[in-house]
Amino acid sequence: MRPSEATRIYFDRAADQLDLSESIRRLLLTAKREVQVHIPVELDSGELATYIGYRVQHNDARGPMKGGLRYHPKVDLDEVRGLAALMTWKTAVVDLPYGGAKGGIAIDPSKLSNRELERVTRCFVDAIHELIGPHVDIPAPDMGTTAEVMAWIMHQYDKYHGFSPACVTGKPVDYHGLPGRDEATGRGVGAITLKLLSRLGRRIPGTRVAIQGFGNVGTHTARFLRDAECRIVAVSDAGGGFFRQDGLDVNALLKHAQNQGGRLDGFAGGDSISNAELLALDCDLLIPAALGGVLSRENAGAVRAQIIIEAANAPIEPDADSIFDDRGITVVPDILVNAGGVTASYFEWVQNLQQYQWGLNRVRQELDRVLGEAFEQVWQLAASRKVSLRTAAYMLGVGRVARATVLSGVA
Ligand code: NAD
């Protein structure tokens, strides 16, 4: 199932709970603007290549639209449309004064030189610069894009509109970026996990954690939870994983991965396990932090963890979600769990608008506060309405957007 279909199922459940009218549902589900542009660029070989770029601006009822820019060969309008809507609900769950958007270019960045990527990015900005901006729509990194790409976007945008660092977030720290932006998603995953354990009355030290994915989100989550005295018993990446009952040495794992381009293979401090084994491991917390759709109807019955923290986007298929619900497994949804990245992006935007540099401590403190408050609101709503944390999170996000829409006088 495509993530956009899953998002739609969860939206409908929340809309039913909120008793939203058909006309409001239709308005909330319809993107404000969808743009497709061609991107003709000269390759290093002198050949002409033409790529297709998209930007979908879903909803701006609560503020300027915010969302990443993805470079991947499979990017298409439908995918971008679904992800843009997800951003609208995600920014609303954590109560940021933003709407939602998403963009992408159908391209394989690993097959282009850095100079070619820069030309593609600048050409894309040439095509959409009138449609984005600090008070309209603010792109950020996503799959296949980096802080360097964000720096090119700002520089190209500035050529048309003058100095505007707030036109894009996720920039390098030395080029108007925010300290702590890199760790923010993983830190947020960790902070929300600790809140949940406290709410469930569980002891934090010694909690056994298995993490799938050892990239940006997985590594920072592992570090944060290790510092909170959890036991990271297993981690994996695309090539498989490692297990150690007493807890893996996270520093050794990080060093090992750093020395071989981020990959874990060959690590000597644990027993090899497959990704399928990691998902079915006897542990307290399972944190899928790699791909979407890894927990489906086929393997949901094998999961032994009592808590699943959705650090990746849409790692659980809706069928599996129902199975976990029936089995009494607590699932904390992606829309809340991985909102640390967009929250830090918001701080970067505020910093750029105010021209006042934030320090790392302030970023961490504010991040923990925003995510902690959002978690409490979702928790309370789930308890009072007797719904899952996922339905409560969608109710909170969709409800806020619906109220802003009505208050603006549109409906
Ligand atoms: P990343 O590219 O840095 O890391 C991905 C990790 O997953 C790598 O270790 C990779 O080897 C592993 N992986 C890939 N295929 C796998 C497979 N088949 N089985 C097991 N592991 C596999 O990506 P990231 O930035 O850490 O993002 C991870 C997830 O979190 C994605 O779903 C992403 O959409 C989501 N997310 C990321 C952010 C962010 O700020 N980085 C924000 C919100 C959501």
# chains A, B, ... in the order shown; residues from 1 in each chain; ligands from 1
>>> closest_atom_pairs(of="chain A", to="ligand 1", cutoff="6 Å", atoms="only C-alpha atoms and all ligand atoms", output="Markdown table")
| residue | atom | partner | partner_atom_place_in_ligand_line | distance |
| --- | --- | --- | --- | --- |
| A:Thr185 | CA | ligand 1 | 40 (O) | 4.9 |
| A:Gln212 | CA | ligand 1 | 21 (N) | 5.7 |
| A:Gly213 | CA | ligand 1 | 7 (O) | 3.7 |
| A:Phe214 | CA | ligand 1 | 9 (O) | 3.6 |
| A:Gly215 | CA | ligand 1 | 4 (O) | 3.2 |
| A:Asn216 | CA | ligand 1 | 26 (O) | 3.7 |
| A:Val217 | CA | ligand 1 | 26 (O) | 3.8 |
| A:Gly218 | CA | ligand 1 | 26 (O) | 5.7 |
| A:Ser236 | CA | ligand 1 | 21 (N) | 5.9 |
| A:Asp237 | CA | ligand 1 | 21 (N) | 3.7 |
| A:Ala238 | CA | ligand 1 | 22 (C) | 3.5 |
| A:Asn275 | CA | ligand 1 | 20 (C) | 6.0 |
| A:Ala289 | CA | ligand 1 | 29 (C) | 4.9 |
| A:Ala290 | CA | ligand 1 | 7 (O) | 3.7 |
| A:Leu291 | CA | ligand 1 | 32 (O) | 4.7 |
| A:Gly292 | CA | ligand 1 | 32 (O) | 5.8 |
| A:Ala311 | CA | ligand 1 | 30 (O) | 5.6 |
| A:Ala312 | CA | ligand 1 | 32 (O) | 3.5 |
| A:Asn313 | CA | ligand 1 | 32 (O) | 4.2 |
| A:Asn338 | CA | ligand 1 | 43 (C) | 4.8 |
| A:Gly341 | CA | ligand 1 | 40 (O) | 4.6 |
>>> write_last_selection(atoms="N, CA, C and O atoms", output="PDB file, in the first residue's frame")
ATOM      1  N   THR A 185      15.731  14.765  14.796  1.00  0.00           N
ATOM      2  CA  THR A 185      14.694  13.737  14.639  1.00  0.00           C
ATOM      3  C   THR A 185      14.946  12.587  15.609  1.00  0.00           C
ATOM      4  O   THR A 185      14.037  12.148  16.324  1.00  0.00           O
ATOM      5  N   GLN A 212      15.790  -0.752  13.962  1.00  0.00           N
ATOM      6  CA  GLN A 212      16.062  -1.076  12.556  1.00  0.00           C
ATOM      7  C   GLN A 212      16.432   0.213  11.825  1.00  0.00           C
ATOM      8  O   GLN A 212      15.660   1.164  11.815  1.00  0.00           O
ATOM      9  N   GLY A 213      17.619   0.219  11.183  1.00  0.00           N
ATOM     10  CA  GLY A 213      18.077   1.426  10.491  1.00  0.00           C
ATOM     11  C   GLY A 213      19.119   2.120  11.339  1.00  0.00           C
ATOM     12  O   GLY A 213      18.881   2.421  12.517  1.00  0.00           O
ATOM     13  N   PHE A 214      20.293   2.332  10.760  1.00  0.00           N
ATOM     14  CA  PHE A 214      21.368   2.982  11.521  1.00  0.00           C
ATOM     15  C   PHE A 214      21.894   4.170  10.719  1.00  0.00           C
ATOM     16  O   PHE A 214      23.082   4.357  10.547  1.00  0.00           O
ATOM     17  N   GLY A 215      20.944   4.977  10.220  1.00  0.00           N
ATOM     18  CA  GLY A 215      21.307   6.204   9.501  1.00  0.00           C
ATOM     19  C   GLY A 215      21.142   7.387  10.428  1.00  0.00           C
ATOM     20  O   GLY A 215      21.378   7.289  11.632  1.00  0.00           O
ATOM     21  N   ASN A 216      20.709   8.507   9.882  1.00  0.00           N
ATOM     22  CA  ASN A 216      20.579   9.717  10.695  1.00  0.00           C
ATOM     23  C   ASN A 216      19.668   9.477  11.911  1.00  0.00           C
ATOM     24  O   ASN A 216      20.061   9.716  13.058  1.00  0.00           O
ATOM     25  N   VAL A 217      18.472   8.966  11.671  1.00  0.00           N
ATOM     26  CA  VAL A 217      17.507   8.816  12.768  1.00  0.00           C
ATOM     27  C   VAL A 217      17.929   7.695  13.730  1.00  0.00           C
ATOM     28  O   VAL A 217      17.931   7.873  14.951  1.00  0.00           O
ATOM     29  N   GLY A 218      18.309   6.536  13.179  1.00  0.00           N
ATOM     30  CA  GLY A 218      18.668   5.388  14.011  1.00  0.00           C
ATOM     31  C   GLY A 218      19.859   5.666  14.913  1.00  0.00           C
ATOM     32  O   GLY A 218      19.834   5.318  16.108  1.00  0.00           O
ATOM     33  N   SER A 236      20.288  -2.618  13.067  1.00  0.00           N
ATOM     34  CA  SER A 236      20.499  -3.192  11.732  1.00  0.00           C
ATOM     35  C   SER A 236      20.565  -2.085  10.699  1.00  0.00           C
ATOM     36  O   SER A 236      20.188  -0.938  10.972  1.00  0.00           O
ATOM     37  N   ASP A 237      21.056  -2.431   9.530  1.00  0.00           N
ATOM     38  CA  ASP A 237      20.938  -1.546   8.375  1.00  0.00           C
ATOM     39  C   ASP A 237      20.526  -2.414   7.186  1.00  0.00           C
ATOM     40  O   ASP A 237      20.112  -3.569   7.375  1.00  0.00           O
ATOM     41  N   ALA A 238      20.661  -1.885   5.966  1.00  0.00           N
ATOM     42  CA  ALA A 238      20.165  -2.623   4.802  1.00  0.00           C
ATOM     43  C   ALA A 238      20.861  -3.983   4.657  1.00  0.00           C
ATOM     44  O   ALA A 238      20.303  -4.922   4.095  1.00  0.00           O
ATOM     45  N   ASN A 275      17.302  -8.744   9.329  1.00  0.00           N
ATOM     46  CA  ASN A 275      16.293  -7.728   9.645  1.00  0.00           C
ATOM     47  C   ASN A 275      14.995  -8.370  10.114  1.00  0.00           C
ATOM     48  O   ASN A 275      14.330  -7.845  11.009  1.00  0.00           O
ATOM     49  N   ALA A 289      13.381   2.394  12.124  1.00  0.00           N
ATOM     50  CA  ALA A 289      13.892   3.722  11.759  1.00  0.00           C
ATOM     51  C   ALA A 289      14.562   3.681  10.388  1.00  0.00           C
ATOM     52  O   ALA A 289      15.562   4.352  10.152  1.00  0.00           O
ATOM     53  N   ALA A 290      13.992   2.851   9.487  1.00  0.00           N
ATOM     54  CA  ALA A 290      14.609   2.751   8.160  1.00  0.00           C
ATOM     55  C   ALA A 290      13.588   3.065   7.073  1.00  0.00           C
ATOM     56  O   ALA A 290      13.509   4.196   6.574  1.00  0.00           O
ATOM     57  N   LEU A 291      12.781   2.046   6.732  1.00  0.00           N
ATOM     58  CA  LEU A 291      11.902   2.141   5.569  1.00  0.00           C
ATOM     59  C   LEU A 291      10.435   2.116   5.968  1.00  0.00           C
ATOM     60  O   LEU A 291      10.093   1.695   7.067  1.00  0.00           O
ATOM     61  N   GLY A 292       9.580   2.463   5.005  1.00  0.00           N
ATOM     62  CA  GLY A 292       8.143   2.298   5.190  1.00  0.00           C
ATOM     63  C   GLY A 292       7.760   0.842   4.934  1.00  0.00           C
ATOM     64  O   GLY A 292       8.495   0.086   4.288  1.00  0.00           O
ATOM     65  N   ALA A 311       9.709   5.467  14.188  1.00  0.00           N
ATOM     66  CA  ALA A 311      10.647   6.544  13.864  1.00  0.00           C
ATOM     67  C   ALA A 311      10.676   6.809  12.359  1.00  0.00           C
ATOM     68  O   ALA A 311      10.777   7.951  11.908  1.00  0.00           O
ATOM     69  N   ALA A 312      10.586   5.752  11.550  1.00  0.00           N
ATOM     70  CA  ALA A 312      10.527   5.925  10.088  1.00  0.00           C
ATOM     71  C   ALA A 312       9.146   6.423   9.716  1.00  0.00           C
ATOM     72  O   ALA A 312       8.225   6.421  10.535  1.00  0.00           O
ATOM     73  N   ASN A 313       8.989   6.851   8.469  1.00  0.00           N
ATOM     74  CA  ASN A 313       7.658   7.210   7.996  1.00  0.00           C
ATOM     75  C   ASN A 313       6.928   5.954   7.561  1.00  0.00           C
ATOM     76  O   ASN A 313       7.449   5.169   6.755  1.00  0.00           O
ATOM     77  N   ASN A 338       8.402  11.257  14.731  1.00  0.00           N
ATOM     78  CA  ASN A 338       9.536  11.809  13.978  1.00  0.00           C
ATOM     79  C   ASN A 338       9.359  13.290  13.633  1.00  0.00           C
ATOM     80  O   ASN A 338       9.997  13.809  12.712  1.00  0.00           O
ATOM     81  N   GLY A 341      12.376  16.645  13.484  1.00  0.00           N
ATOM     82  CA  GLY A 341      13.071  17.282  12.351  1.00  0.00           C
ATOM     83  C   GLY A 341      12.378  18.554  11.917  1.00  0.00           C
ATOM     84  O   GLY A 341      13.009  19.611  11.785  1.00  0.00           O
TER      85      GLY A 341
END
>>> residues_around(residues="Val303 in chain A", least_positions_apart="2", cutoff="7 Å", atoms="only C-alpha atoms", output="VMD selection string")
chain A and resid 279 to 281 300 to 301 305
>>> write_last_selection(atoms="all heavy atoms", output="PDB file, in the first residue's frame")
ATOM      1  N   LEU A 279      13.098  -7.673  13.810  1.00  0.00           N
ATOM      2  CA  LEU A 279      11.705  -7.226  14.002  1.00  0.00           C
ATOM      3  C   LEU A 279      10.943  -8.151  14.955  1.00  0.00           C
ATOM      4  O   LEU A 279       9.975  -7.727  15.584  1.00  0.00           O
ATOM      5  CB  LEU A 279      10.984  -7.150  12.649  1.00  0.00           C
ATOM      6  CG  LEU A 279      11.521  -6.080  11.678  1.00  0.00           C
ATOM      7  CD1 LEU A 279      10.850  -6.218  10.312  1.00  0.00           C
ATOM      8  CD2 LEU A 279      11.314  -4.670  12.223  1.00  0.00           C
ATOM      9  N   ALA A 280      11.387  -9.416  15.035  1.00  0.00           N
ATOM     10  CA  ALA A 280      10.670 -10.393  15.875  1.00  0.00           C
ATOM     11  C   ALA A 280      11.399 -10.657  17.196  1.00  0.00           C
ATOM     12  O   ALA A 280      11.069 -11.597  17.918  1.00  0.00           O
ATOM     13  CB  ALA A 280      10.517 -11.697  15.102  1.00  0.00           C
ATOM     14  N   LEU A 281      12.356  -9.813  17.526  1.00  0.00           N
ATOM     15  CA  LEU A 281      13.211 -10.043  18.700  1.00  0.00           C
ATOM     16  C   LEU A 281      12.439  -9.930  20.021  1.00  0.00           C
ATOM     17  O   LEU A 281      11.515  -9.134  20.139  1.00  0.00           O
ATOM     18  CB  LEU A 281      14.312  -8.990  18.683  1.00  0.00           C
ATOM     19  CG  LEU A 281      15.623  -9.334  19.347  1.00  0.00           C
ATOM     20  CD1 LEU A 281      16.303 -10.505  18.630  1.00  0.00           C
ATOM     21  CD2 LEU A 281      16.540  -8.118  19.315  1.00  0.00           C
ATOM     22  N   ALA A 300       3.361  -9.276  11.410  1.00  0.00           N
ATOM     23  CA  ALA A 300       2.913  -8.584  12.637  1.00  0.00           C
ATOM     24  C   ALA A 300       2.749  -9.574  13.799  1.00  0.00           C
ATOM     25  O   ALA A 300       3.019  -9.238  14.952  1.00  0.00           O
ATOM     26  CB  ALA A 300       1.604  -7.845  12.383  1.00  0.00           C
ATOM     27  N   GLY A 301       2.334 -10.801  13.479  1.00  0.00           N
ATOM     28  CA  GLY A 301       2.111 -11.796  14.525  1.00  0.00           C
ATOM     29  C   GLY A 301       3.405 -12.226  15.199  1.00  0.00           C
ATOM     30  O   GLY A 301       3.390 -12.710  16.338  1.00  0.00           O
ATOM     31  N   ALA A 305       7.916  -7.425  20.863  1.00  0.00           N
ATOM     32  CA  ALA A 305       8.011  -6.208  21.687  1.00  0.00           C
ATOM     33  C   ALA A 305       6.614  -5.755  22.085  1.00  0.00           C
ATOM     34  O   ALA A 305       5.661  -5.939  21.322  1.00  0.00           O
ATOM     35  CB  ALA A 305       8.708  -5.109  20.879  1.00  0.00           C
TER      36      ALA A 305
END
>>> residues_around(residues="Gly180 in chain A", least_positions_apart="4", cutoff="12 Å", atoms="only C-alpha atoms", output="list in words")
Gly170, Lys171, Pro172, Val173, Ala184, Thr185, Gly186, Arg187, Gly188, His220, Gly340, Gly341, Thr343, Ala344, Ser345, Phe347, Glu348, Trp358, Gly359, Leu360, Asn361, Arg362, Val363, Arg364, Gln365, Glu366 and Leu367 of chain A
>>> write_last_selection(atoms="N, CA, C and O atoms", output="CSV table (one decimal), in the first residue's frame")
chain,number,residue,atom,x,y,z
A,170,GLY,N,17.3,23.4,7.1
A,170,GLY,CA,18.2,22.3,7.0
A,170,GLY,C,19.5,22.7,6.3
A,170,GLY,O,20.2,21.9,5.7
A,171,LYS,N,19.8,24.0,6.4
A,171,LYS,CA,21.1,24.5,5.8
A,171,LYS,C,22.3,24.1,6.7
A,171,LYS,O,22.1,23.8,7.8
A,172,PRO,N,23.5,24.2,6.1
A,172,PRO,CA,24.7,23.9,6.9
A,172,PRO,C,24.7,24.9,8.1
A,172,PRO,O,24.4,26.1,7.9
A,173,VAL,N,25.3,24.4,9.2
A,173,VAL,CA,25.3,25.3,10.4
A,173,VAL,C,26.2,26.6,10.1
A,173,VAL,O,25.8,27.7,10.5
A,184,ALA,N,18.1,16.2,15.5
A,184,ALA,CA,16.8,16.6,16.1
A,184,ALA,C,15.8,15.4,16.0
A,184,ALA,O,15.0,15.2,16.9
A,185,THR,N,15.7,14.8,14.8
A,185,THR,CA,14.7,13.7,14.6
A,185,THR,C,14.9,12.6,15.6
A,185,THR,O,14.0,12.1,16.3
A,186,GLY,N,16.2,12.1,15.7
A,186,GLY,CA,16.5,11.0,16.6
A,186,GLY,C,16.4,11.4,18.0
A,186,GLY,O,15.9,10.6,18.9
A,187,ARG,N,16.8,12.6,18.4
A,187,ARG,CA,16.6,13.1,19.7
A,187,ARG,C,15.1,13.1,20.1
A,187,ARG,O,14.7,12.7,21.2
A,188,GLY,N,14.3,13.6,19.2
A,188,GLY,CA,12.8,13.6,19.4
A,188,GLY,C,12.3,12.2,19.6
A,188,GLY,O,11.4,12.0,20.5
A,220,HIS,N,21.1,8.6,16.0
A,220,HIS,CA,20.9,9.6,17.1
A,220,HIS,C,19.9,9.0,18.1
A,220,HIS,O,20.0,9.4,19.3
A,340,GLY,N,10.5,15.7,15.3
A,340,GLY,CA,11.6,16.5,15.8
A,340,GLY,C,12.3,17.3,14.7
A,340,GLY,O,12.8,18.4,14.9
A,341,GLY,N,12.4,16.6,13.5
A,341,GLY,CA,13.1,17.3,12.4
A,341,GLY,C,12.4,18.6,11.9
A,341,GLY,O,13.0,19.6,11.8
A,343,THR,N,10.3,20.3,13.7
A,343,THR,CA,10.3,21.2,14.8
A,343,THR,C,11.6,22.0,14.8
A,343,THR,O,11.6,23.2,15.0
A,344,ALA,N,12.7,21.3,14.6
A,344,ALA,CA,14.0,22.0,14.5
A,344,ALA,C,14.1,22.9,13.3
A,344,ALA,O,14.7,24.0,13.4
A,345,SER,N,13.5,22.5,12.2
A,345,SER,CA,13.4,23.3,11.0
A,345,SER,C,12.6,24.6,11.4
A,345,SER,O,13.0,25.7,10.9
A,347,PHE,N,12.6,26.1,14.3
A,347,PHE,CA,13.5,26.9,15.1
A,347,PHE,C,14.5,27.6,14.1
A,347,PHE,O,14.9,28.8,14.3
A,348,GLU,N,15.0,26.9,13.1
A,348,GLU,CA,15.9,27.5,12.2
A,348,GLU,C,15.3,28.7,11.4
A,348,GLU,O,15.9,29.7,11.3
A,358,TRP,N,20.7,30.8,17.5
A,358,TRP,CA,20.3,30.0,18.7
A,358,TRP,C,21.5,29.1,19.0
A,358,TRP,O,22.3,28.7,18.1
A,359,GLY,N,21.7,28.8,20.3
A,359,GLY,CA,22.7,27.8,20.7
A,359,GLY,C,22.1,26.4,20.9
A,359,GLY,O,20.9,26.3,20.9
A,360,LEU,N,23.0,25.4,20.9
A,360,LEU,CA,22.6,24.0,21.0
A,360,LEU,C,21.7,23.7,22.2
A,360,LEU,O,20.7,23.0,22.1
A,361,ASN,N,22.0,24.3,23.4
A,361,ASN,CA,21.3,24.0,24.6
A,361,ASN,C,19.8,24.5,24.4
A,361,ASN,O,18.9,23.8,24.8
A,362,ARG,N,19.7,25.7,23.8
A,362,ARG,CA,18.4,26.3,23.7
A,362,ARG,C,17.6,25.4,22.7
A,362,ARG,O,16.4,25.1,22.9
A,363,VAL,N,18.2,24.9,21.6
A,363,VAL,CA,17.5,24.1,20.6
A,363,VAL,C,17.0,22.8,21.3
A,363,VAL,O,15.8,22.5,21.2
A,364,ARG,N,17.9,22.2,22.1
A,364,ARG,CA,17.5,20.9,22.7
A,364,ARG,C,16.3,21.1,23.7
A,364,ARG,O,15.4,20.4,23.8
A,365,GLN,N,16.5,22.2,24.5
A,365,GLN,CA,15.4,22.5,25.5
A,365,GLN,C,14.1,22.7,24.9
A,365,GLN,O,13.1,22.2,25.3
A,366,GLU,N,14.1,23.6,23.8
A,366,GLU,CA,12.8,23.9,23.2
A,366,GLU,C,12.2,22.7,22.4
A,366,GLU,O,11.0,22.5,22.4
A,367,LEU,N,13.1,21.9,21.9
A,367,LEU,CA,12.7,20.7,21.2
A,367,LEU,C,12.0,19.7,22.1
A,367,LEU,O,10.9,19.2,21.9
>>> residues_around(residues="range 55-60 of chain A", least_positions_apart="2", cutoff="8 Å", atoms="only C-alpha atoms", output="compact mmCIF listing (two decimals) with C-alpha atoms, in the first residue's frame")
# COMPACT_ATOMS: atom_id res chain seq x y z
CA LEU A 28 -8.91 19.38 3.77
CA THR A 30 -7.60 18.78 -1.69
CA ALA A 31 -4.19 20.34 -2.28
CA LYS A 32 -4.12 24.11 -2.59
CA ARG A 33 -1.64 24.01 -5.47
CA GLU A 34 0.24 21.34 -7.42
CA VAL A 35 3.14 22.26 -9.66
CA GLN A 36 5.07 20.17 -12.16
CA GLY A 53 10.27 18.35 -10.57
CA ARG A 62 -2.27 27.44 9.93
CA GLY A 63 0.68 29.23 8.32
CA PRO A 64 3.31 29.04 5.56
CA MET A 65 3.61 25.59 4.06
CA VAL A 80 4.49 13.98 -3.36
CA ARG A 81 0.77 14.73 -2.95
CA ALA A 84 2.43 16.96 1.43
CA ALA A 85 -0.84 16.12 3.20
CA THR A 88 -0.03 19.35 7.11
CA TYR A 98 2.77 25.98 9.55
CA GLY A 99 0.85 24.20 6.83
CA GLY A 100 2.15 21.31 4.76
CA ALA A 101 3.95 20.87 1.44
CA LYS A 102 6.35 18.47 -0.24
CA GLY A 103 8.51 18.48 -3.35
CA GLY A 104 10.68 16.18 -5.33
CA ASP A 137 6.39 27.68 1.43
>>> select_by_dssp(residues="range 28-179 of chain A", states="strand (DSSP E or B)", output="PyMOL selection string")
chain A and resi 33-42+48-59+65-72+99-106+133+137-141
>>> atom_distance(atom1="CA of Ile329 in chain A", atom2="CA of Val294 in chain A")
16.4 Å
>>> closest_residue(among="A:Arg119, A:Arg208, A:His135, A:Arg181", to="Gln306 in chain A", atoms="only C-alpha atoms")
A:Arg208
>>> residues_around(residues="Ser4 in chain A", least_positions_apart="3", cutoff="9 Å", atoms="only C-alpha atoms", output="PyMOL selection string")
chain A and resi 1+7-9+78-83+85-86
>>> residues_around(residues="Val337 in chain A", least_positions_apart="4", cutoff="9 Å", atoms="only C-alpha atoms", output="list of chain:residue names")
A:Thr185, A:Gly188, A:Val189, A:Gly190, A:Ile192, A:Thr193, A:Ile309, A:Glu310, A:Ala311, A:Ala312, A:Val332, A:Pro333, A:Leu371, A:Phe375
>>> write_last_selection(atoms="C-alpha atoms", output="mmCIF file, in the first residue's frame")
data_model
loop_
_atom_site.group_PDB
_atom_site.id
_atom_site.type_symbol
_atom_site.label_atom_id
_atom_site.label_comp_id
_atom_site.auth_asym_id
_atom_site.auth_seq_id
_atom_site.Cartn_x
_atom_site.Cartn_y
_atom_site.Cartn_z
ATOM 1 C CA THR A 185 14.694 13.737 14.639
ATOM 2 C CA GLY A 188 12.829 13.618 19.388
ATOM 3 C CA VAL A 189 12.295 9.864 18.942
ATOM 4 C CA GLY A 190 14.275 9.271 22.137
ATOM 5 C CA ILE A 192 9.069 10.779 23.200
ATOM 6 C CA THR A 193 10.094 7.205 24.027
ATOM 7 C CA ILE A 309 7.970 3.530 18.188
ATOM 8 C CA GLU A 310 7.482 4.553 14.530
ATOM 9 C CA ALA A 311 10.647 6.544 13.864
ATOM 10 C CA ALA A 312 10.527 5.925 10.088
ATOM 11 C CA VAL A 332 3.431 5.551 18.942
ATOM 12 C CA PRO A 333 2.761 6.960 15.447
ATOM 13 C CA LEU A 371 7.544 17.367 21.612
ATOM 14 C CA PHE A 375 2.992 13.801 23.411
#
>>> closest_residue(among="A:Gln258, A:Asn299, A:Asn251, A:Thr145", to="Phe324 in chain A", atoms="only C-alpha atoms")
A:Asn299
>>> select_by_dssp(residues="range 63-208 of chain A", states="helix (DSSP H, G or I)", output="ChimeraX atom specification")
/A:77-93,109-111,114-128,147-161,165-167,173-175,184-199
>>> atom_distance(atom1="CA of Asp284 in chain A", atom2="CA of Tyr394 in chain A")
25.4 Å
>>> decode(residues="range 66-84 of chain A", atoms="N, CA and C atoms", output="PDB file, in the first residue's frame")
ATOM      1  N   LYS A  66       5.203  23.909   4.766  1.00  0.00           N
ATOM      2  CA  LYS A  66       6.535  23.419   5.132  1.00  0.00           C
ATOM      3  C   LYS A  66       6.645  21.969   4.721  1.00  0.00           C
ATOM      4  N   GLY A  67       7.766  21.608   4.114  1.00  0.00           N
ATOM      5  CA  GLY A  67       7.950  20.199   3.763  1.00  0.00           C
ATOM      6  C   GLY A  67       9.209  19.985   2.957  1.00  0.00           C
ATOM      7  N   GLY A  68       9.684  18.755   2.969  1.00  0.00           N
ATOM      8  CA  GLY A  68      10.969  18.423   2.370  1.00  0.00           C
ATOM      9  C   GLY A  68      10.968  18.388   0.857  1.00  0.00           C
ATOM     10  N   LEU A  69      12.184  18.238   0.341  1.00  0.00           N
ATOM     11  CA  LEU A  69      12.417  18.098  -1.091  1.00  0.00           C
ATOM     12  C   LEU A  69      13.177  16.791  -1.284  1.00  0.00           C
ATOM     13  N   ARG A  70      12.578  15.868  -2.049  1.00  0.00           N
ATOM     14  CA  ARG A  70      13.117  14.508  -2.188  1.00  0.00           C
ATOM     15  C   ARG A  70      13.725  14.312  -3.564  1.00  0.00           C
ATOM     16  N   TYR A  71      14.960  13.777  -3.627  1.00  0.00           N
ATOM     17  CA  TYR A  71      15.554  13.410  -4.919  1.00  0.00           C
ATOM     18  C   TYR A  71      15.601  11.885  -4.963  1.00  0.00           C
ATOM     19  N   HIS A  72      14.766  11.296  -5.800  1.00  0.00           N
ATOM     20  CA  HIS A  72      14.702   9.833  -5.897  1.00  0.00           C
ATOM     21  C   HIS A  72      14.094   9.472  -7.254  1.00  0.00           C
ATOM     22  N   PRO A  73      14.596   8.395  -7.894  1.00  0.00           N
ATOM     23  CA  PRO A  73      14.073   8.081  -9.232  1.00  0.00           C
ATOM     24  C   PRO A  73      12.576   7.774  -9.259  1.00  0.00           C
ATOM     25  N   LYS A  74      12.026   7.321  -8.103  1.00  0.00           N
ATOM     26  CA  LYS A  74      10.605   6.916  -8.110  1.00  0.00           C
ATOM     27  C   LYS A  74       9.642   8.048  -7.718  1.00  0.00           C
ATOM     28  N   VAL A  75      10.177   9.240  -7.525  1.00  0.00           N
ATOM     29  CA  VAL A  75       9.297  10.354  -7.145  1.00  0.00           C
ATOM     30  C   VAL A  75       8.259  10.594  -8.242  1.00  0.00           C
ATOM     31  N   ASP A  76       6.991  10.696  -7.862  1.00  0.00           N
ATOM     32  CA  ASP A  76       5.964  11.115  -8.825  1.00  0.00           C
ATOM     33  C   ASP A  76       4.940  11.990  -8.107  1.00  0.00           C
ATOM     34  N   LEU A  77       4.003  12.519  -8.883  1.00  0.00           N
ATOM     35  CA  LEU A  77       3.068  13.489  -8.315  1.00  0.00           C
ATOM     36  C   LEU A  77       2.230  12.880  -7.192  1.00  0.00           C
ATOM     37  N   ASP A  78       1.820  11.614  -7.377  1.00  0.00           N
ATOM     38  CA  ASP A  78       0.961  10.993  -6.365  1.00  0.00           C
ATOM     39  C   ASP A  78       1.697  10.862  -5.023  1.00  0.00           C
ATOM     40  N   GLU A  79       2.972  10.436  -5.110  1.00  0.00           N
ATOM     41  CA  GLU A  79       3.747  10.290  -3.869  1.00  0.00           C
ATOM     42  C   GLU A  79       3.902  11.645  -3.174  1.00  0.00           C
ATOM     43  N   VAL A  80       4.251  12.659  -3.947  1.00  0.00           N
ATOM     44  CA  VAL A  80       4.485  13.982  -3.363  1.00  0.00           C
ATOM     45  C   VAL A  80       3.190  14.534  -2.756  1.00  0.00           C
ATOM     46  N   ARG A  81       2.075  14.263  -3.433  1.00  0.00           N
ATOM     47  CA  ARG A  81       0.769  14.726  -2.954  1.00  0.00           C
ATOM     48  C   ARG A  81       0.459  14.117  -1.571  1.00  0.00           C
ATOM     49  N   GLY A  82       0.695  12.810  -1.443  1.00  0.00           N
ATOM     50  CA  GLY A  82       0.429  12.125  -0.166  1.00  0.00           C
ATOM     51  C   GLY A  82       1.328  12.648   0.935  1.00  0.00           C
ATOM     52  N   LEU A  83       2.599  12.857   0.614  1.00  0.00           N
ATOM     53  CA  LEU A  83       3.549  13.314   1.636  1.00  0.00           C
ATOM     54  C   LEU A  83       3.268  14.762   2.046  1.00  0.00           C
ATOM     55  N   ALA A  84       2.766  15.562   1.107  1.00  0.00           N
ATOM     56  CA  ALA A  84       2.434  16.962   1.427  1.00  0.00           C
ATOM     57  C   ALA A  84       1.297  17.010   2.444  1.00  0.00           C
TER      58      ALA A  84
END
